[in-house]
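**Q** Input: one structure, supplied below.
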Amino acid sequence: MSLFIRQLPLWIGLRYLAAKRRNHFISFISASSMVGMTLGVAVLILVLSVMNGFDRELRERILGMVPHGVLYERGGIQDWQGLASLAEQFPGVAAAAPLTKLQGMLGQGGRVQGVMVTGIDPQAEARVSILPSHIKDGRLEDLQAGEFNVLLGDLLARQLNVMVGDKITLMLPEATLSPAGVLPRVKRLTVAGIFSVGAELDANLAVIHLQDAAKLARLNGEAQALRIRFHDLFQAPQGIWRMVNQLDGQYSGSDWTRTHGNLFQAIRMEKTMIGLLLLIIVAVAAFNIISTLVMAVTDKQADIAILRTMGAKPRTIMGIFMVQGLAIGLVGVVLGTVLGILAALSISDLVAWLEQLFGFQILNADVYFISYLPSQLLWSDVAVVTGASLMLSFLATLYPSWRASRVQPAEALRYE
């Protein structure tokens, strides 16, 4: 008997939820709050997953091509292999490779495009970059010293309308004297391959051999700098600073937070702010639960009075309506979680299918740092969203349930 008494709020609360009401408006508000909770939770999980996708693509694609850290030696690096061996002994360092950068313009057939020309060592590049695994035409080994071959990003090759084997002209912003006057430095390059990482680098990056870059830059040493890859990219600022202070020589350093840190922080901040804004949708649905329970308490005052006269305690009455409100919130949260997970897992393929069907592109690589809509579902986000939604649902039941427990039997039954 005591077990039945303890379970009485559960059974009555669920019965009130499933029973047909004389007042259909209460049923409508109840259904709308459940639908609102479902949509709010689903959209929140989906948007957070998309923001996680942007965060992942920034780390894997952009920071897979952009150095985690760069170590510069005054006058150029004379022995990059020896310096790389020293750098790799520092804690947290995964690998090191030489790097030389030049800014210039590539031209072909009357088309001109500004580019960042990067000199690399083909054998060492695979240890610090994702470039070797994203070459769609040609090979990284085709970059041979002295041949002045070049790898172009996919969008850059399309803008210049060139293919593998074509000749292009590199113009460097450094004047040379000639009988005809002051002319920019010009060098003919051969397109040896095309790469695609699905990011903005496809439109402004060209890669040549390290020795060719040293000749074009007129370096005294073998390389301009040493590229450092860390096991944890967030250790790059401290790691580079430690190298600069502890290595013998005149060194300076830089890291990815100075070049792409603002973009990374913007994505993190946007995820937080959008999550908080979308949580308002869940709060509105929770407010609808309050409205539903307030009207249900008014509609069931006679039943409450009868239960009180039969010996039901105020906490039992309060438990009945808390069960009813939590059931509405629980159903909405469960349905929203399922829909949100399914949407987060399929949104990338769905958007790609819509782009192909209607012939448009949502994310243009010329504007955004990637050219497709990414998504990464994190179960920690799902747990936070569902937990916060259930907490809001629970808080929404407190006031109406407390009002129900304060109903006086004599006042409620006066006009019955």
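How things are named: the first chain in the structure tokens is A, the next is B, and so on; residues count from 1 in each chain; ligands count from 1 in the order shown.
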Name the residues in contact with segment 371-386 of chain A at a cut-off of 8 Å, using only C-alpha atoms, excluding same-chain residues fewer than 6 positions from it; report them as a PyMOL selection string.
**A** chain A and resi 41+44-45+48-54+56-57+198-199+333+337+341+344-345+347-348+351-352+362-365
**Q** DSSP says helix (DSSP H, G or I) for which residues of segment 52-274 of chain A? Put them as number ranges by chain?
**A** A: 52-65, 80-87, 122-125, 131-134, 140-142, 154-160, 200-203, 210-217, 233-246, 256-259, 261-274
**Q** Quick one: everything within 7 Å of Leu293 of chain A, counting only C-alpha atoms, minus sequence neighbours fewer than 6 positions away in the same chain. Send it as a list in words.
**A**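 Near Leu293 of chain A, the qualifying residues are Phe321, Gly325 and Pro400 of chain A.
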**Q** Can you write out the residues you just picked, keeping C-alpha atoms, as a PDB file, in the first residue's frame?
**A**
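Writing done, so here's part_17.pdb:
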ATOM      1  CA  PHE A 321       1.859  18.280 -11.698  1.00  0.00           C
ATOM      2  CA  GLY A 325       5.341  18.971 -16.737  1.00  0.00           C
ATOM      3  CA  PRO A 400       2.513  25.741 -11.024  1.00  0.00           C
TER       4      PRO A 400
END
**Q** Go ahead and compute the interatomic distance for atom CA of Val112 of chain A and atom CA of Ile208 of chain A, in Å to one decimal.
**A**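 Straight-line distance from atom CA of Val112 of chain A to atom CA of Ile208 of chain A works out to 18.3 Å.
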**Q** Which neighbours of Met65 of chain A fall inside 12 Å, counting only C-alpha atoms, when residues of the same chain fewer than 6 positions from it are skipped, and could you give them as a PDB file with N, CA, C and O atoms, in the first residue's frame?
**A**
ATOM      1  N   GLU A  57      37.690  21.755 -39.000  1.00  0.00           N
ATOM      2  CA  GLU A  57      38.289  22.027 -40.302  1.00  0.00           C
ATOM      3  C   GLU A  57      39.388  23.074 -40.192  1.00  0.00           C
ATOM      4  O   GLU A  57      40.392  23.008 -40.910  1.00  0.00           O
ATOM      5  N   LEU A  58      39.199  24.037 -39.306  1.00  0.00           N
ATOM      6  CA  LEU A  58      40.248  25.034 -39.113  1.00  0.00           C
ATOM      7  C   LEU A  58      41.515  24.363 -38.600  1.00  0.00           C
ATOM      8  O   LEU A  58      42.619  24.644 -39.071  1.00  0.00           O
ATOM      9  N   ARG A  59      41.353  23.453 -37.640  1.00  0.00           N
ATOM     10  CA  ARG A  59      42.522  22.797 -37.063  1.00  0.00           C
ATOM     11  C   ARG A  59      43.167  21.811 -38.038  1.00  0.00           C
ATOM     12  O   ARG A  59      44.396  21.738 -38.137  1.00  0.00           O
ATOM     13  N   THR A 118      55.655  29.285 -51.524  1.00  0.00           N
ATOM     14  CA  THR A 118      56.304  28.625 -50.396  1.00  0.00           C
ATOM     15  C   THR A 118      57.302  27.605 -50.903  1.00  0.00           C
ATOM     16  O   THR A 118      56.949  26.723 -51.702  1.00  0.00           O
ATOM     17  N   ILE A 120      59.611  24.404 -50.146  1.00  0.00           N
ATOM     18  CA  ILE A 120      59.615  23.274 -49.210  1.00  0.00           C
ATOM     19  C   ILE A 120      60.629  22.231 -49.647  1.00  0.00           C
ATOM     20  O   ILE A 120      61.104  22.232 -50.790  1.00  0.00           O
ATOM     21  N   GLU A 125      58.408  17.478 -46.084  1.00  0.00           N
ATOM     22  CA  GLU A 125      57.112  18.151 -45.968  1.00  0.00           C
ATOM     23  C   GLU A 125      56.022  17.261 -45.396  1.00  0.00           C
ATOM     24  O   GLU A 125      55.140  17.717 -44.657  1.00  0.00           O
ATOM     25  N   ALA A 126      56.059  15.960 -45.722  1.00  0.00           N
ATOM     26  CA  ALA A 126      55.005  15.054 -45.247  1.00  0.00           C
ATOM     27  C   ALA A 126      54.969  14.952 -43.730  1.00  0.00           C
ATOM     28  O   ALA A 126      53.939  14.582 -43.152  1.00  0.00           O
ATOM     29  N   ARG A 127      56.043  15.294 -43.052  1.00  0.00           N
ATOM     30  CA  ARG A 127      56.105  15.181 -41.598  1.00  0.00           C
ATOM     31  C   ARG A 127      55.416  16.355 -40.916  1.00  0.00           C
ATOM     32  O   ARG A 127      55.079  16.261 -39.726  1.00  0.00           O
ATOM     33  N   VAL A 128      55.235  17.469 -41.615  1.00  0.00           N
ATOM     34  CA  VAL A 128      54.697  18.678 -40.974  1.00  0.00           C
ATOM     35  C   VAL A 128      53.443  19.214 -41.647  1.00  0.00           C
ATOM     36  O   VAL A 128      52.844  20.178 -41.160  1.00  0.00           O
ATOM     37  N   SER A 129      53.012  18.611 -42.752  1.00  0.00           N
ATOM     38  CA  SER A 129      51.913  19.188 -43.526  1.00  0.00           C
ATOM     39  C   SER A 129      51.016  18.093 -44.078  1.00  0.00           C
ATOM     40  O   SER A 129      51.437  16.940 -44.260  1.00  0.00           O
ATOM     41  N   ILE A 130      49.762  18.473 -44.389  1.00  0.00           N
ATOM     42  CA  ILE A 130      48.823  17.545 -45.026  1.00  0.00           C
ATOM     43  C   ILE A 130      48.876  17.659 -46.549  1.00  0.00           C
ATOM     44  O   ILE A 130      48.096  17.005 -47.236  1.00  0.00           O
ATOM     45  N   LEU A 131      49.781  18.487 -47.072  1.00  0.00           N
ATOM     46  CA  LEU A 131      49.854  18.715 -48.509  1.00  0.00           C
ATOM     47  C   LEU A 131      50.030  17.434 -49.321  1.00  0.00           C
ATOM     48  O   LEU A 131      49.314  17.238 -50.314  1.00  0.00           O
ATOM     49  N   PRO A 132      50.940  16.514 -48.966  1.00  0.00           N
ATOM     50  CA  PRO A 132      51.126  15.319 -49.803  1.00  0.00           C
ATOM     51  C   PRO A 132      49.865  14.486 -49.987  1.00  0.00           C
ATOM     52  O   PRO A 132      49.701  13.840 -51.029  1.00  0.00           O
ATOM     53  N   SER A 133      48.957  14.502 -49.019  1.00  0.00           N
ATOM     54  CA  SER A 133      47.744  13.679 -49.123  1.00  0.00           C
ATOM     55  C   SER A 133      46.597  14.402 -49.824  1.00  0.00           C
ATOM     56  O   SER A 133      45.517  13.826 -49.964  1.00  0.00           O
ATOM     57  N   HIS A 134      46.815  15.640 -50.280  1.00  0.00           N
ATOM     58  CA  HIS A 134      45.751  16.395 -50.936  1.00  0.00           C
ATOM     59  C   HIS A 134      46.137  16.831 -52.352  1.00  0.00           C
ATOM     60  O   HIS A 134      45.538  17.753 -52.898  1.00  0.00           O
ATOM     61  N   GLY A 153      47.332  25.602 -56.025  1.00  0.00           N
ATOM     62  CA  GLY A 153      46.031  25.270 -55.462  1.00  0.00           C
ATOM     63  C   GLY A 153      44.993  25.133 -56.560  1.00  0.00           C
ATOM     64  O   GLY A 153      45.104  25.742 -57.630  1.00  0.00           O
ATOM     65  N   PHE A 195      46.891  20.818 -56.123  1.00  0.00           N
ATOM     66  CA  PHE A 195      46.410  20.283 -54.857  1.00  0.00           C
ATOM     67  C   PHE A 195      45.103  20.962 -54.464  1.00  0.00           C
ATOM     68  O   PHE A 195      44.778  22.059 -54.934  1.00  0.00           O
ATOM     69  N   SER A 196      44.358  20.299 -53.594  1.00  0.00           N
ATOM     70  CA  SER A 196      43.083  20.841 -53.121  1.00  0.00           C
ATOM     71  C   SER A 196      42.881  20.415 -51.680  1.00  0.00           C
ATOM     72  O   SER A 196      42.756  19.230 -51.389  1.00  0.00           O
ATOM     73  N   VAL A 197      42.869  21.397 -50.779  1.00  0.00           N
ATOM     74  CA  VAL A 197      42.612  21.122 -49.362  1.00  0.00           C
ATOM     75  C   VAL A 197      41.233  21.620 -48.947  1.00  0.00           C
ATOM     76  O   VAL A 197      40.861  21.537 -47.779  1.00  0.00           O
ATOM     77  N   GLY A 198      40.455  22.164 -49.899  1.00  0.00           N
ATOM     78  CA  GLY A 198      39.115  22.641 -49.587  1.00  0.00           C
ATOM     79  C   GLY A 198      39.095  23.855 -48.704  1.00  0.00           C
ATOM     80  O   GLY A 198      38.198  24.021 -47.879  1.00  0.00           O
ATOM     81  N   ALA A 199      40.088  24.736 -48.841  1.00  0.00           N
ATOM     82  CA  ALA A 199      40.176  25.924 -48.000  1.00  0.00           C
ATOM     83  C   ALA A 199      40.655  27.099 -48.839  1.00  0.00           C
ATOM     84  O   ALA A 199      40.963  26.954 -50.027  1.00  0.00           O
ATOM     85  N   GLU A 200      40.725  28.265 -48.205  1.00  0.00           N
ATOM     86  CA  GLU A 200      41.115  29.475 -48.914  1.00  0.00           C
ATOM     87  C   GLU A 200      42.523  29.392 -49.479  1.00  0.00           C
ATOM     88  O   GLU A 200      42.868  30.113 -50.419  1.00  0.00           O
ATOM     89  N   LEU A 201      43.353  28.504 -48.924  1.00  0.00           N
ATOM     90  CA  LEU A 201      44.716  28.350 -49.416  1.00  0.00           C
ATOM     91  C   LEU A 201      44.745  27.837 -50.846  1.00  0.00           C
ATOM     92  O   LEU A 201      45.740  28.035 -51.550  1.00  0.00           O
ATOM     93  N   ASP A 202      43.679  27.187 -51.297  1.00  0.00           N
ATOM     94  CA  ASP A 202      43.619  26.713 -52.677  1.00  0.00           C
ATOM     95  C   ASP A 202      43.635  27.863 -53.673  1.00  0.00           C
ATOM     96  O   ASP A 202      43.905  27.650 -54.858  1.00  0.00           O
ATOM     97  N   LEU A 205      47.942  29.933 -52.793  1.00  0.00           N
ATOM     98  CA  LEU A 205      49.186  29.278 -52.403  1.00  0.00           C
ATOM     99  C   LEU A 205      49.803  28.543 -53.586  1.00  0.00           C
ATOM    100  O   LEU A 205      49.121  27.808 -54.308  1.00  0.00           O
ATOM    101  N   ALA A 206      51.110  28.753 -53.769  1.00  0.00           N
ATOM    102  CA  ALA A 206      51.911  28.031 -54.760  1.00  0.00           C
ATOM    103  C   ALA A 206      53.125  27.457 -54.044  1.00  0.00           C
ATOM    104  O   ALA A 206      53.717  28.113 -53.184  1.00  0.00           O
ATOM    105  N   VAL A 207      53.520  26.229 -54.394  1.00  0.00           N
ATOM    106  CA  VAL A 207      54.594  25.526 -53.698  1.00  0.00           C
ATOM    107  C   VAL A 207      55.686  25.179 -54.695  1.00  0.00           C
ATOM    108  O   VAL A 207      55.411  24.615 -55.760  1.00  0.00           O
ATOM    109  N   ARG A 227      59.955  25.286 -40.066  1.00  0.00           N
ATOM    110  CA  ARG A 227      58.553  25.060 -39.716  1.00  0.00           C
ATOM    111  C   ARG A 227      58.467  23.982 -38.642  1.00  0.00           C
ATOM    112  O   ARG A 227      59.050  22.900 -38.790  1.00  0.00           O
ATOM    113  N   ILE A 228      57.731  24.263 -37.572  1.00  0.00           N
ATOM    114  CA  ILE A 228      57.621  23.342 -36.436  1.00  0.00           C
ATOM    115  C   ILE A 228      56.177  22.860 -36.315  1.00  0.00           C
ATOM    116  O   ILE A 228      55.242  23.659 -36.335  1.00  0.00           O
ATOM    117  N   ARG A 229      56.007  21.548 -36.202  1.00  0.00           N
ATOM    118  CA  ARG A 229      54.684  20.978 -35.925  1.00  0.00           C
ATOM    119  C   ARG A 229      54.692  20.400 -34.519  1.00  0.00           C
ATOM    120  O   ARG A 229      55.591  19.641 -34.148  1.00  0.00           O
ATOM    121  N   TRP A 256      50.908  30.074 -35.010  1.00  0.00           N
ATOM    122  CA  TRP A 256      49.650  30.160 -35.752  1.00  0.00           C
ATOM    123  C   TRP A 256      48.651  31.130 -35.118  1.00  0.00           C
ATOM    124  O   TRP A 256      47.768  31.648 -35.810  1.00  0.00           O
ATOM    125  N   HIS A 260      46.264  33.040 -37.666  1.00  0.00           N
ATOM    126  CA  HIS A 260      44.891  32.534 -37.745  1.00  0.00           C
ATOM    127  C   HIS A 260      44.221  32.447 -36.382  1.00  0.00           C
ATOM    128  O   HIS A 260      43.152  31.849 -36.257  1.00  0.00           O
TER     129      HIS A 260
END
**Q** With only C-alpha atoms as the atoms that count, which of A:Asp55, A:Asp137, A:Asp255, A:Asp121 lies nearest to Leu71 of chain A?
**A**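 Of A:Asp55, A:Asp137, A:Asp255, A:Asp121, the one nearest Leu71 of chain A, counting only C-alpha atoms, is A:Asp255.
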**Q** Hey, what does DSSP flag as strand (DSSP E) within segment 142-385 of chain A? Can you give it to me as a PDB file with N, CA and C atoms, in the first residue's frame?
**A**
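And here is the file that came out, selection.pdb:
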ATOM      1  N   ASN A 149      59.753  23.823 -60.942  1.00  0.00           N
ATOM      2  CA  ASN A 149      58.378  23.334 -61.039  1.00  0.00           C
ATOM      3  C   ASN A 149      57.563  23.905 -59.882  1.00  0.00           C
ATOM      4  N   VAL A 150      56.251  23.940 -60.035  1.00  0.00           N
ATOM      5  CA  VAL A 150      55.390  24.537 -59.029  1.00  0.00           C
ATOM      6  C   VAL A 150      54.110  23.728 -58.884  1.00  0.00           C
ATOM      7  N   LEU A 151      53.632  23.624 -57.639  1.00  0.00           N
ATOM      8  CA  LEU A 151      52.317  23.060 -57.349  1.00  0.00           C
ATOM      9  C   LEU A 151      51.365  24.208 -57.048  1.00  0.00           C
ATOM     10  N   LEU A 152      50.185  24.183 -57.668  1.00  0.00           N
ATOM     11  CA  LEU A 152      49.207  25.253 -57.499  1.00  0.00           C
ATOM     12  C   LEU A 152      47.966  24.726 -56.787  1.00  0.00           C
ATOM     13  N   GLY A 153      47.332  25.602 -56.025  1.00  0.00           N
ATOM     14  CA  GLY A 153      46.031  25.270 -55.462  1.00  0.00           C
ATOM     15  C   GLY A 153      44.993  25.133 -56.560  1.00  0.00           C
ATOM     16  N   LYS A 167      53.125  26.517 -68.701  1.00  0.00           N
ATOM     17  CA  LYS A 167      54.105  27.472 -68.212  1.00  0.00           C
ATOM     18  C   LYS A 167      53.383  28.700 -67.651  1.00  0.00           C
ATOM     19  N   ILE A 168      53.847  29.178 -66.520  1.00  0.00           N
ATOM     20  CA  ILE A 168      53.305  30.398 -65.931  1.00  0.00           C
ATOM     21  C   ILE A 168      54.460  31.308 -65.552  1.00  0.00           C
ATOM     22  N   THR A 169      54.151  32.577 -65.361  1.00  0.00           N
ATOM     23  CA  THR A 169      55.172  33.576 -65.065  1.00  0.00           C
ATOM     24  C   THR A 169      55.015  34.066 -63.635  1.00  0.00           C
ATOM     25  N   LEU A 170      56.108  33.994 -62.886  1.00  0.00           N
ATOM     26  CA  LEU A 170      56.134  34.501 -61.517  1.00  0.00           C
ATOM     27  C   LEU A 170      56.822  35.859 -61.501  1.00  0.00           C
ATOM     28  N   MET A 171      56.134  36.866 -61.000  1.00  0.00           N
ATOM     29  CA  MET A 171      56.695  38.214 -60.885  1.00  0.00           C
ATOM     30  C   MET A 171      56.873  38.542 -59.417  1.00  0.00           C
ATOM     31  N   LEU A 172      58.104  38.871 -59.029  1.00  0.00           N
ATOM     32  CA  LEU A 172      58.426  39.174 -57.638  1.00  0.00           C
ATOM     33  C   LEU A 172      58.541  40.679 -57.447  1.00  0.00           C
ATOM     34  N   PRO A 173      58.071  41.205 -56.319  1.00  0.00           N
ATOM     35  CA  PRO A 173      58.097  42.658 -56.084  1.00  0.00           C
ATOM     36  C   PRO A 173      59.491  43.153 -55.699  1.00  0.00           C
ATOM     37  N   GLU A 174      60.453  42.907 -56.583  1.00  0.00           N
ATOM     38  CA  GLU A 174      61.818  43.365 -56.364  1.00  0.00           C
ATOM     39  C   GLU A 174      62.374  43.829 -57.696  1.00  0.00           C
ATOM     40  N   ALA A 175      62.729  45.082 -57.782  1.00  0.00           N
ATOM     41  CA  ALA A 175      63.154  45.668 -59.055  1.00  0.00           C
ATOM     42  C   ALA A 175      64.588  45.284 -59.392  1.00  0.00           C
ATOM     43  N   THR A 176      64.836  45.121 -60.718  1.00  0.00           N
ATOM     44  CA  THR A 176      66.183  44.889 -61.228  1.00  0.00           C
ATOM     45  C   THR A 176      66.472  45.913 -62.318  1.00  0.00           C
ATOM     46  N   LEU A 177      67.729  46.304 -62.385  1.00  0.00           N
ATOM     47  CA  LEU A 177      68.136  47.279 -63.398  1.00  0.00           C
ATOM     48  C   LEU A 177      68.463  46.575 -64.697  1.00  0.00           C
ATOM     49  N   SER A 178      68.044  47.180 -65.818  1.00  0.00           N
ATOM     50  CA  SER A 178      68.313  46.640 -67.140  1.00  0.00           C
ATOM     51  C   SER A 178      68.473  47.809 -68.103  1.00  0.00           C
ATOM     52  N   GLY A 181      65.569  49.908 -68.338  1.00  0.00           N
ATOM     53  CA  GLY A 181      65.105  50.619 -67.152  1.00  0.00           C
ATOM     54  C   GLY A 181      64.921  49.677 -65.979  1.00  0.00           C
ATOM     55  N   VAL A 182      64.116  50.100 -65.009  1.00  0.00           N
ATOM     56  CA  VAL A 182      63.855  49.290 -63.813  1.00  0.00           C
ATOM     57  C   VAL A 182      62.689  48.353 -64.109  1.00  0.00           C
ATOM     58  N   LEU A 183      62.922  47.036 -63.971  1.00  0.00           N
ATOM     59  CA  LEU A 183      61.907  46.026 -64.272  1.00  0.00           C
ATOM     60  C   LEU A 183      61.739  45.101 -63.075  1.00  0.00           C
ATOM     61  N   PRO A 184      60.546  44.566 -62.885  1.00  0.00           N
ATOM     62  CA  PRO A 184      60.364  43.575 -61.818  1.00  0.00           C
ATOM     63  C   PRO A 184      61.067  42.265 -62.176  1.00  0.00           C
ATOM     64  N   ARG A 185      61.411  41.509 -61.145  1.00  0.00           N
ATOM     65  CA  ARG A 185      62.040  40.207 -61.383  1.00  0.00           C
ATOM     66  C   ARG A 185      60.977  39.225 -61.857  1.00  0.00           C
ATOM     67  N   VAL A 186      61.322  38.497 -62.905  1.00  0.00           N
ATOM     68  CA  VAL A 186      60.369  37.578 -63.532  1.00  0.00           C
ATOM     69  C   VAL A 186      61.037  36.217 -63.696  1.00  0.00           C
ATOM     70  N   LYS A 187      60.255  35.147 -63.428  1.00  0.00           N
ATOM     71  CA  LYS A 187      60.752  33.793 -63.602  1.00  0.00           C
ATOM     72  C   LYS A 187      59.662  32.905 -64.161  1.00  0.00           C
ATOM     73  N   ARG A 188      60.030  32.085 -65.145  1.00  0.00           N
ATOM     74  CA  ARG A 188      59.069  31.144 -65.736  1.00  0.00           C
ATOM     75  C   ARG A 188      59.063  29.858 -64.923  1.00  0.00           C
ATOM     76  N   LEU A 189      57.858  29.409 -64.561  1.00  0.00           N
ATOM     77  CA  LEU A 189      57.680  28.174 -63.811  1.00  0.00           C
ATOM     78  C   LEU A 189      56.829  27.192 -64.603  1.00  0.00           C
ATOM     79  N   THR A 190      57.012  25.927 -64.307  1.00  0.00           N
ATOM     80  CA  THR A 190      56.225  24.869 -64.951  1.00  0.00           C
ATOM     81  C   THR A 190      55.279  24.254 -63.927  1.00  0.00           C
ATOM     82  N   VAL A 191      54.006  24.186 -64.272  1.00  0.00           N
ATOM     83  CA  VAL A 191      53.014  23.596 -63.367  1.00  0.00           C
ATOM     84  C   VAL A 191      53.228  22.085 -63.319  1.00  0.00           C
ATOM     85  N   ALA A 192      53.628  21.580 -62.144  1.00  0.00           N
ATOM     86  CA  ALA A 192      53.909  20.146 -61.993  1.00  0.00           C
ATOM     87  C   ALA A 192      52.790  19.406 -61.280  1.00  0.00           C
ATOM     88  N   GLY A 193      51.862  20.122 -60.681  1.00  0.00           N
ATOM     89  CA  GLY A 193      50.783  19.450 -59.973  1.00  0.00           C
ATOM     90  C   GLY A 193      49.778  20.441 -59.425  1.00  0.00           C
ATOM     91  N   ILE A 194      48.629  19.915 -59.007  1.00  0.00           N
ATOM     92  CA  ILE A 194      47.543  20.725 -58.456  1.00  0.00           C
ATOM     93  C   ILE A 194      47.050  20.040 -57.177  1.00  0.00           C
ATOM     94  N   PHE A 195      46.891  20.818 -56.123  1.00  0.00           N
ATOM     95  CA  PHE A 195      46.410  20.283 -54.857  1.00  0.00           C
ATOM     96  C   PHE A 195      45.103  20.962 -54.464  1.00  0.00           C
ATOM     97  N   LEU A 205      47.942  29.933 -52.793  1.00  0.00           N
ATOM     98  CA  LEU A 205      49.186  29.278 -52.403  1.00  0.00           C
ATOM     99  C   LEU A 205      49.803  28.543 -53.586  1.00  0.00           C
ATOM    100  N   ALA A 206      51.110  28.753 -53.769  1.00  0.00           N
ATOM    101  CA  ALA A 206      51.911  28.031 -54.760  1.00  0.00           C
ATOM    102  C   ALA A 206      53.125  27.457 -54.044  1.00  0.00           C
ATOM    103  N   VAL A 207      53.520  26.229 -54.394  1.00  0.00           N
ATOM    104  CA  VAL A 207      54.594  25.526 -53.698  1.00  0.00           C
ATOM    105  C   VAL A 207      55.686  25.179 -54.695  1.00  0.00           C
ATOM    106  N   ILE A 208      56.938  25.513 -54.355  1.00  0.00           N
ATOM    107  CA  ILE A 208      58.090  25.180 -55.190  1.00  0.00           C
ATOM    108  C   ILE A 208      59.145  24.500 -54.321  1.00  0.00           C
ATOM    109  N   HIS A 209      60.219  24.040 -54.955  1.00  0.00           N
ATOM    110  CA  HIS A 209      61.289  23.380 -54.205  1.00  0.00           C
ATOM    111  C   HIS A 209      62.049  24.397 -53.368  1.00  0.00           C
ATOM    112  N   ALA A 223      67.566  27.940 -46.055  1.00  0.00           N
ATOM    113  CA  ALA A 223      66.137  28.205 -45.882  1.00  0.00           C
ATOM    114  C   ALA A 223      65.942  29.508 -45.136  1.00  0.00           C
ATOM    115  N   GLN A 224      64.758  30.040 -45.278  1.00  0.00           N
ATOM    116  CA  GLN A 224      64.407  31.280 -44.587  1.00  0.00           C
ATOM    117  C   GLN A 224      64.034  31.026 -43.136  1.00  0.00           C
ATOM    118  N   ALA A 225      63.382  29.888 -42.872  1.00  0.00           N
ATOM    119  CA  ALA A 225      62.901  29.584 -41.521  1.00  0.00           C
ATOM    120  C   ALA A 225      62.719  28.084 -41.380  1.00  0.00           C
ATOM    121  N   LEU A 226      62.408  27.667 -40.159  1.00  0.00           N
ATOM    122  CA  LEU A 226      62.137  26.268 -39.860  1.00  0.00           C
ATOM    123  C   LEU A 226      60.693  26.146 -39.400  1.00  0.00           C
ATOM    124  N   ARG A 227      59.955  25.286 -40.066  1.00  0.00           N
ATOM    125  CA  ARG A 227      58.553  25.060 -39.716  1.00  0.00           C
ATOM    126  C   ARG A 227      58.467  23.982 -38.642  1.00  0.00           C
ATOM    127  N   ILE A 228      57.731  24.263 -37.572  1.00  0.00           N
ATOM    128  CA  ILE A 228      57.621  23.342 -36.436  1.00  0.00           C
ATOM    129  C   ILE A 228      56.177  22.860 -36.315  1.00  0.00           C
ATOM    130  N   ARG A 229      56.007  21.548 -36.202  1.00  0.00           N
ATOM    131  CA  ARG A 229      54.684  20.978 -35.925  1.00  0.00           C
ATOM    132  C   ARG A 229      54.692  20.400 -34.519  1.00  0.00           C
ATOM    133  N   PHE A 230      53.672  20.770 -33.738  1.00  0.00           N
ATOM    134  CA  PHE A 230      53.551  20.314 -32.355  1.00  0.00           C
ATOM    135  C   PHE A 230      52.487  19.227 -32.265  1.00  0.00           C
ATOM    136  N   TYR A 251      67.709  34.050 -32.784  1.00  0.00           N
ATOM    137  CA  TYR A 251      66.494  33.473 -33.328  1.00  0.00           C
ATOM    138  C   TYR A 251      65.287  34.342 -32.962  1.00  0.00           C
ATOM    139  N   SER A 252      64.281  34.231 -33.769  1.00  0.00           N
ATOM    140  CA  SER A 252      62.968  34.821 -33.488  1.00  0.00           C
ATOM    141  C   SER A 252      61.920  33.811 -33.909  1.00  0.00           C
ATOM    142  N   GLY A 253      60.713  33.989 -33.448  1.00  0.00           N
ATOM    143  CA  GLY A 253      59.689  32.990 -33.746  1.00  0.00           C
ATOM    144  C   GLY A 253      58.311  33.591 -33.955  1.00  0.00           C
ATOM    145  N   SER A 254      57.448  32.783 -34.490  1.00  0.00           N
ATOM    146  CA  SER A 254      56.052  33.139 -34.693  1.00  0.00           C
ATOM    147  C   SER A 254      55.230  31.861 -34.584  1.00  0.00           C
ATOM    148  N   ASP A 255      53.931  31.993 -34.381  1.00  0.00           N
ATOM    149  CA  ASP A 255      53.072  30.816 -34.284  1.00  0.00           C
ATOM    150  C   ASP A 255      51.729  31.111 -34.925  1.00  0.00           C
TER     151      ASP A 255
END
**Q** Set the distance at 12 Å and use only C-alpha atoms: which residues neighbour segment 389-397 of chain A once local chain neighbours fewer than 6 positions away are removed? I'd like the list as JSON, numbers by chain.
**A** {"A": [33, 34, 36, 37, 38, 39, 40, 41, 42, 44, 45, 278, 279, 280, 281, 282, 283, 284, 285, 286, 287, 288, 289, 290, 291, 292, 293, 294, 296, 297, 318, 319, 320, 321, 322, 323, 324, 325, 326, 327, 328, 329, 330, 331, 332, 333, 334, 336, 337, 382, 383, 403, 404]}
**Q** Record the distance separating atom CA of Gly138 of chain A and atom CA of Ala97 of chain A, expressed in Å with one decimal.
**A**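 Value for the atom CA of Gly138 of chain A-atom CA of Ala97 of chain A distance: 21.8 Å.
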**Q** Between A:Ala213, A:Ala157, A:Met243, A:Leu354, which has the minimum distance to Gln89 of chain A (counting only C-alpha atoms)?
**A** A:Met243
